[in-house]
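Comments concern the structure below.
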Amino acid sequence: MNSPNSLPISGKEISSAPGQWAAHKTRTTHRRLRHAVDRSAGIVVWVGGIATIISILGIFLYLMWEVIPLFRSTSGNVSSIVQVENDKGATRDTTVIGSDEYLEVAFVLMQKRLQFLRLPHGEALSEAGGELEISGTVQSSVLIGQRGNRVSVATREGFVVPVTIFFRPVFEGDIRTIVPTSQIEELIRVIPDGEELVRHAHSQQDERQMIAALTRTGQLWLTFVEQPGDFSFSDEATVTQRQLKVPEQVTITHMVLDGFGKRLVAGTEHGELLEWTLQNGDEGSARRVPVGESGEAVTALTYLNGERSLVVGTEAGQVMTWVPMDERQGRSLVPFRKVATFQAHPGIVQTISPSQRDKGFLTADSRGHVILHHATTGQTVLEFDSVSSETRALRFSPKADGGTWLGADGRLRTFSIDNPHPEITFESLFFPITYEGYEDSELIWQSSSGSDDFEPKFGMMPLIFGTLKGTIYAMILAVPLAVMSAVYTAMFMHPHLRAIIKPSIEIMAALPSVVLGFLAGLWFAPLLEKIFPAVVAGTLILPVVIGVVCLLWQILPRSLAGLDKYGVDLLLVVVAVVGTVGMCLILNSSIETIVFGGNYKQWLTDHFDLVYDQRNAIVISFAMGFAVIPIIFSIAEDSLSNVPRHLVAGSLALGATKWQTLTRLVLISASPGIFSALMIGFGRAVGETMIVLMATGNTPIMDWSVLNGFRTLSANIAVEMPEAPHGGTLYRVLFLSGLILFAFTFGINTIAELVRQRLREKYSQF
């Protein structure tokens with residue numbers, strides 16, 4: 001017997017030792033290589049996970065960065081204070097001020113004297129200003145319209161002289177200089193000879209001017225001046241006049257004419273608004289409405305941008321907005337209704353200046369208090385410090401980024417205002433707002449219009465509602481079909497058929513959304529409009545037909561029931577479904593005649609007050625459901641199939657039927673996976689863009705009717721973003737839409753994961 005340290009005797013042992021050593025070395029190398037690969041794969045997965053988290057966090061932070069400026073508070077300060085040559089005989093009625101759009105040059109018109117001042121130091125531009133060549137005593141000076149610097153100067157003798165002030169930018173290299181000029185037009189007589197003018201209002205629409213003039217004796221005259229057009233045979237202007245009836249014992253304090261020539265509005269000493277309708281030669285008595293309970297005098301009156309809403313200031317310091325009543329409600333009703341009341345002034349409201357870009361406006365009182373308000377939000381936005389001096393004139397800058405104020409002591413103050421998103425507040429985004437032209441507070445999304453006077457409406461609730469509506473209707477169709485199909489495929493379908501059916505359904509998920517949206521909007525929507533009666537009938541009949549076919553299959557002899565492995569049962573159901581659908585389509589006209597009286601659209605309107613839109617929620621439920629079904633089906637079927645086979649076999653061996661095994665074992669064990677499938681499908685429907693963009697009509701309305709369209713958050717971003725100016729209000733509101741969508745899907749997925757984990761822990765024993 002050999003000792004342990006002796007060499008092996010047999011040649012076979014000697015020859016096998018090197019081979020074993022080589023094999024051992026090879027196995028060691030493979031283990032090390034696998035270990036290195038595993039570590040590398042783990043590092044890659046870890047880095048990828050961290051990168052994903054960082055990316056999601058980065059998206060969230062970027063969205064927040066773009067949205068936060070929407071809610072930044074308004075700021076402003078006094079940028080300059082200069083002294084102007086004060087005319088002691090000038091009053092608020094004979095003083096008008098303004099500036100160019102860059103707030104570099106300001107003008108002051110006191111009676112006949114026009115001064116230009118270069119800001120911020122107040123150097124006088126004497127070569128551009130001076131005494132205007134106007135005969136007579138200036139009694140009243142007002143702006144013509146709300147845009148530009150066109151001033152109407154009226155004399156006591158009854159003449160009106162339009163004066164236009166121009167600001168021309170001149171560039172010398174990179175240096176811009178504003179050069180002001182002025183132009184005086186021809187005199188216009190607005191009251192009969194011998195009468196004395198007290199105050200007036202002036203507006204213009206295209207080539208037509210309208211002037212209302214009040215005389216010392218209380219007569220109110222309306223003058224129309226028609227300038228000759230390009231195709232006119234005369235070069236002279238046509239002037240017509242008529243007298244309006246003024247109620248007795250009424251003292252008019254202010255007057256305004258709208259630019260459309262529809263109405264003249266006046267404020268009175270006893271706190272009333274008077275309204276004359278100027279269309280169709282109406283010369284009837286004025287309609288009147290009190291603006292306050294105490295009867296304080298109306299001391300300031302002007303139209304907001306768009307010349308529909310009125311801003312009224314009173315002797316008690318109140319500031320209110322009023323809008324005209326709907327003319328379709330009849331002439332017997334009051335002409336205006338109050339919309340909002342703003343922060344009151346401590347003194348008499350002496351002047352109001354509207355913004356030329358939005359529904360904001362400045363007010364100033366007898367103590368030099370200047371306050372910025374916004375009519376859409378109904379809020380007072382900013383308040384400037386008082387200077388203890390009466391207000392002589394006030395003007396909002398053309399870009400709404402500042403203003404000019406002139407006191408009775410001759411001090412001209414200029415303000416800078418930083419308020420880039422005045423119409424955005426939390427309330428205006430998510431709560432009903434009373435918009436101009438609407439009688440009640442409403443939730444509306446309407447971001448743009450064909451007119452610059454438009455009031456943007458950024459209500460987010462119609463978009464959130466549309467997102468939920470489209471998702472719910474898509475899930476109503478997709479969930480039963482997808483889950484029941486997954487149950488049948490996993491538990492009852494023959495394996496040979498399952499190997500064909502499952503990949504075929506999963507391929508549906510590869511269809512692009514734009515293709516589905518194209519087919520839904522341009523093919524299916526018009527088709528559904530034609531066959532809607534057949535669809536209604538099929539929806540009611542198909543469940544009954546499928547139930548009857550399944551019941552008949554169950555009572556077949558055992559010899560025939562074994563044919564399910566060849567798919568005969570599935571074939572019978574398909575034949576029954578196709579036959580039923582075909583029969584409904586053939587009888588479509590008959591169904592419409594018998595059930596809907598020959599016209600289903602009129603029937604729906606008469607019986608349910610529903611209007612059928614071609615692109616509606618039914619189209620979306622089919623199209624988006626078609627996109628969601630493969631996702632839910634695939635995940636749910638995998639969850640059902642992954643239930644351990646020995647558990648299923650044990651249940652069947654103990655005498656349970658397949659249905660009992662399904663309901664009491666398989667569904668419970670697979671519930672976490674099925675729930676995940678539903679949540680993933682829900683997230684897919686929430687974030688869908690192209691299908692809803694092309695097949696809904698994109699109408700942002702809040703209506704659960706399946707016959708109406710809607711607009712979702714994602715589709716709204718796709719529609720509006722190409723037209724949104726960078727950094728503008730619409731641009732940032734669209735980012736807010738993205739942030740809401742991000743938070744919504746993130747919250748739903750987080751809750752779904754928590755629920756899934758609890759289900760998994762609860763049913764882990766199955």
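Every chain in the structure tokens has a letter given in the order shown (A, B, ...), and although residue numbers restart at 1 in each chain, ligands are simply numbered from 1 in the order shown.
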
A:Arg113 environment, 9 Å, only C-alpha atoms, sequence neighbours closer than 5 positions dropped, as a PDB file with C-alpha atoms, in the first residue's frame:
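Here's the written file result.pdb:
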```pdb
ATOM      1  CA  ASP A  87     -50.527 125.900 -14.894  1.00  0.00           C
ATOM      2  CA  VAL A 108     -48.192 116.681 -20.158  1.00  0.00           C
ATOM      3  CA  GLY A 129     -43.805 121.118 -27.169  1.00  0.00           C
ATOM      4  CA  GLY A 130     -45.243 124.555 -26.673  1.00  0.00           C
ATOM      5  CA  GLU A 131     -48.561 126.351 -26.857  1.00  0.00           C
ATOM      6  CA  LEU A 132     -51.119 124.680 -29.116  1.00  0.00           C
TER       7      LEU A 132
END
```

Residue list (helix (DSSP H, G or I), DSSP) for stretch 527-758 of chain A, as number ranges by chain: A: 527-554, 558-566, 568-586, 588-596, 600-608, 617-641, 645-653, 658-686, 690-695, 713-723, 729-758

Among listed residues A:Leu119, A:Met460, A:Thr414, A:Pro354, nearest A:Leu429 (using only C-alpha atoms): A:Met460

Close residues, A:Leu572 itself excluded, 12 Å, only C-alpha atoms, min 3 positions apart in chain, as a PyMOL selection string: chain A and resi 545-553+563-564+566-569+575-579

Selection near stretch 536-540 of chain A, 12 Å with only C-alpha atoms, sequence-local residues under 3 positions removed, as a PyMOL selection string: chain A and resi 477+528-533+543-546+576-592+594-596+600+618

Selected residues written out with N, CA, C and O atoms, as a compact mmCIF listing (two decimals), in the first residue's frame:
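Output contents, as saved in result.txt:
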```txt
# COMPACT_ATOMS: atom_id res chain seq x y z
N LEU A 477 -64.51 50.42 -21.27
CA LEU A 477 -64.49 49.46 -22.37
C LEU A 477 -63.33 48.49 -22.25
O LEU A 477 -63.49 47.28 -22.50
N LEU A 528 -69.36 55.82 -37.29
CA LEU A 528 -70.22 55.67 -36.12
C LEU A 528 -71.44 56.58 -36.22
O LEU A 528 -72.54 56.20 -35.78
N GLU A 529 -71.28 57.75 -36.79
CA GLU A 529 -72.42 58.65 -36.95
C GLU A 529 -73.51 58.03 -37.82
O GLU A 529 -74.70 58.23 -37.59
N LYS A 530 -73.09 57.24 -38.81
CA LYS A 530 -74.06 56.61 -39.71
C LYS A 530 -74.70 55.38 -39.08
O LYS A 530 -75.88 55.11 -39.32
N ILE A 531 -73.94 54.61 -38.31
CA ILE A 531 -74.44 53.33 -37.79
C ILE A 531 -74.74 53.41 -36.30
O ILE A 531 -74.80 52.37 -35.63
N PHE A 532 -74.96 54.59 -35.76
CA PHE A 532 -75.19 54.73 -34.32
C PHE A 532 -76.38 53.90 -33.83
O PHE A 532 -76.28 53.25 -32.77
N PRO A 533 -77.52 53.87 -34.53
CA PRO A 533 -78.62 52.99 -34.06
C PRO A 533 -78.20 51.53 -33.99
O PRO A 533 -78.58 50.82 -33.04
N PRO A 543 -74.43 41.02 -25.41
CA PRO A 543 -74.25 40.25 -24.17
C PRO A 543 -75.23 39.09 -24.05
O PRO A 543 -74.87 38.01 -23.57
N VAL A 544 -76.46 39.31 -24.51
CA VAL A 544 -77.46 38.25 -24.45
C VAL A 544 -77.09 37.11 -25.38
O VAL A 544 -77.16 35.92 -25.01
N VAL A 545 -76.67 37.43 -26.59
CA VAL A 545 -76.29 36.40 -27.57
C VAL A 545 -75.09 35.60 -27.07
O VAL A 545 -75.08 34.36 -27.14
N ILE A 546 -74.08 36.26 -26.56
CA ILE A 546 -72.89 35.55 -26.06
C ILE A 546 -73.26 34.65 -24.88
O ILE A 546 -72.79 33.51 -24.77
N ALA A 576 -71.21 33.91 -33.66
CA ALA A 576 -72.40 34.54 -33.09
C ALA A 576 -72.23 36.05 -33.02
O ALA A 576 -73.15 36.82 -33.33
N VAL A 577 -71.03 36.51 -32.60
CA VAL A 577 -70.78 37.95 -32.50
C VAL A 577 -70.83 38.59 -33.88
O VAL A 577 -71.48 39.63 -34.08
N VAL A 578 -70.14 37.99 -34.85
CA VAL A 578 -70.13 38.55 -36.21
C VAL A 578 -71.52 38.56 -36.80
O VAL A 578 -71.95 39.54 -37.44
N GLY A 579 -72.28 37.48 -36.59
CA GLY A 579 -73.64 37.43 -37.12
C GLY A 579 -74.54 38.48 -36.50
O GLY A 579 -75.33 39.14 -37.20
N THR A 580 -74.42 38.67 -35.20
CA THR A 580 -75.24 39.69 -34.52
C THR A 580 -74.89 41.09 -34.99
O THR A 580 -75.77 41.91 -35.28
N VAL A 581 -73.59 41.38 -35.08
CA VAL A 581 -73.16 42.69 -35.54
C VAL A 581 -73.62 42.93 -36.97
O VAL A 581 -74.12 44.01 -37.32
N GLY A 582 -73.45 41.92 -37.82
CA GLY A 582 -73.88 42.06 -39.21
C GLY A 582 -75.38 42.29 -39.32
O GLY A 582 -75.83 43.13 -40.13
N MET A 583 -76.16 41.58 -38.53
CA MET A 583 -77.60 41.76 -38.57
C MET A 583 -77.99 43.17 -38.12
O MET A 583 -78.87 43.81 -38.71
N CYS A 584 -77.32 43.68 -37.07
CA CYS A 584 -77.62 45.04 -36.61
C CYS A 584 -77.27 46.08 -37.67
O CYS A 584 -78.01 47.05 -37.86
N LEU A 585 -76.15 45.86 -38.37
CA LEU A 585 -75.78 46.81 -39.42
C LEU A 585 -76.77 46.77 -40.58
O LEU A 585 -77.11 47.82 -41.15
N ILE A 586 -77.24 45.59 -40.91
CA ILE A 586 -78.21 45.47 -42.01
C ILE A 586 -79.52 46.17 -41.65
O ILE A 586 -80.15 46.82 -42.49
N LEU A 587 -79.91 46.03 -40.38
CA LEU A 587 -81.17 46.61 -39.93
C LEU A 587 -81.00 48.01 -39.34
O LEU A 587 -81.86 48.47 -38.59
N ASN A 588 -79.89 48.68 -39.64
CA ASN A 588 -79.61 49.99 -39.05
C ASN A 588 -80.73 50.99 -39.31
O ASN A 588 -81.23 51.65 -38.39
N SER A 589 -81.15 51.11 -40.56
CA SER A 589 -82.22 52.07 -40.90
C SER A 589 -83.53 51.69 -40.24
O SER A 589 -84.28 52.56 -39.76
N SER A 590 -83.82 50.39 -40.20
CA SER A 590 -85.07 49.95 -39.57
C SER A 590 -85.05 50.24 -38.08
O SER A 590 -86.07 50.67 -37.50
N ILE A 591 -83.91 50.00 -37.44
CA ILE A 591 -83.80 50.28 -36.01
C ILE A 591 -83.99 51.78 -35.74
O ILE A 591 -84.68 52.18 -34.79
N GLU A 592 -83.40 52.62 -36.59
CA GLU A 592 -83.54 54.06 -36.41
C GLU A 592 -84.99 54.49 -36.59
O GLU A 592 -85.49 55.36 -35.87
N ILE A 594 -87.78 52.51 -36.16
CA ILE A 594 -88.67 51.94 -35.15
C ILE A 594 -88.39 52.54 -33.77
O ILE A 594 -89.31 52.92 -33.03
N VAL A 595 -87.11 52.61 -33.40
CA VAL A 595 -86.75 53.01 -32.04
C VAL A 595 -86.64 54.53 -31.92
O VAL A 595 -87.10 55.12 -30.93
N PHE A 596 -86.02 55.18 -32.92
CA PHE A 596 -85.70 56.61 -32.80
C PHE A 596 -86.58 57.50 -33.67
O PHE A 596 -86.26 58.67 -33.86
N TYR A 600 -82.33 59.70 -35.17
CA TYR A 600 -81.86 59.50 -33.79
C TYR A 600 -81.31 60.78 -33.18
O TYR A 600 -81.40 60.99 -31.96
N ILE A 618 -67.63 58.36 -27.18
CA ILE A 618 -67.77 56.98 -27.64
C ILE A 618 -66.62 56.62 -28.57
O ILE A 618 -66.04 55.52 -28.48
```

One-decimal distance in Å that lies between atom CA of A:Ile668 and atom CA of A:Leu647: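 The value is 12.3 Å.
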
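The neighbours of A:Pro335 here are the residues that come within 7 Å of it, using only C-alpha atoms and leaving out any residue fewer than 4 positions away in the same chain; they are Glu275, Arg287, Arg288, Val289, Pro324 and Met325 of chain A.
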
Polymer residues at most 8 Å from A:Gly625, only C-alpha atoms, same-chain spacing of 2 or more positions, as JSON, numbers by chain: {"A": [474, 475, 477, 478, 620, 621, 622, 623, 627, 628, 629]}

Could the residues of stretch 83-150 of chain A that have an atom at most 12 Å from stretch 207-211 of chain A be listed as CSV, each with its closest atom pair and the distance in Å to one decimal, counting only C-alpha atoms and ordered by chain and ascending residue number?
```
residue,atom,partner,partner_atom,distance
A:Val142,CA,A:Ile211,CA,10.9
A:Leu143,CA,A:Ile211,CA,11.7
A:Ile144,CA,A:Gln209,CA,9.3
A:Gly145,CA,A:Gln209,CA,10.4
```

May I have the selected residues written with C-alpha atoms, as a PDB file, in the first residue's frame?
```
ATOM      1  CA  VAL A 142     -60.034 113.525 -22.888  1.00  0.00           C
ATOM      2  CA  LEU A 143     -58.316 110.656 -24.646  1.00  0.00           C
ATOM      3  CA  ILE A 144     -59.823 109.364 -27.876  1.00  0.00           C
ATOM      4  CA  GLY A 145     -59.998 105.621 -27.476  1.00  0.00           C
TER       5      GLY A 145
END
```

Surrounding residues of stretch 392-407 of chain A excluding itself and chain neighbours under 2 positions, 7 Å, only C-alpha atoms, as a PyMOL selection string: chain A and resi 91-92+95-99+101+351-357+362+389-390+409-418

Residue among A:Ser73, A:Thr155, A:Thr223, A:Thr471 lying closest to A:Val381, counting only C-alpha atoms: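 Ranking A:Ser73, A:Thr155, A:Thr223, A:Thr471 by distance to A:Val381, first place goes to A:Ser73.
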
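Going from atom CA of A:Leu63 to atom CA of A:Gly470 covers 24.2 Å.
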
Selected residue of minimal separation from A:Glu157 among A:Glu196, A:Glu127, A:Asp385, A:Asp365, counting only C-alpha atoms: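 For A:Glu157, the nearest of the given residues is A:Glu196.
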
Strand (DSSP E or B) positions in stretch 21-162 of chain A, given as a VMD selection string: chain A and resid 75 to 83 95 to 99 105 to 110 113 to 118 123 to 124 130 to 131 138 to 143 150 to 155 159 to 162

Shortest interatomic distance to A:Gly521 - which of A:Met679, A:Ala695, A:Leu754, A:Val161, counting only C-alpha atoms: A:Ala695
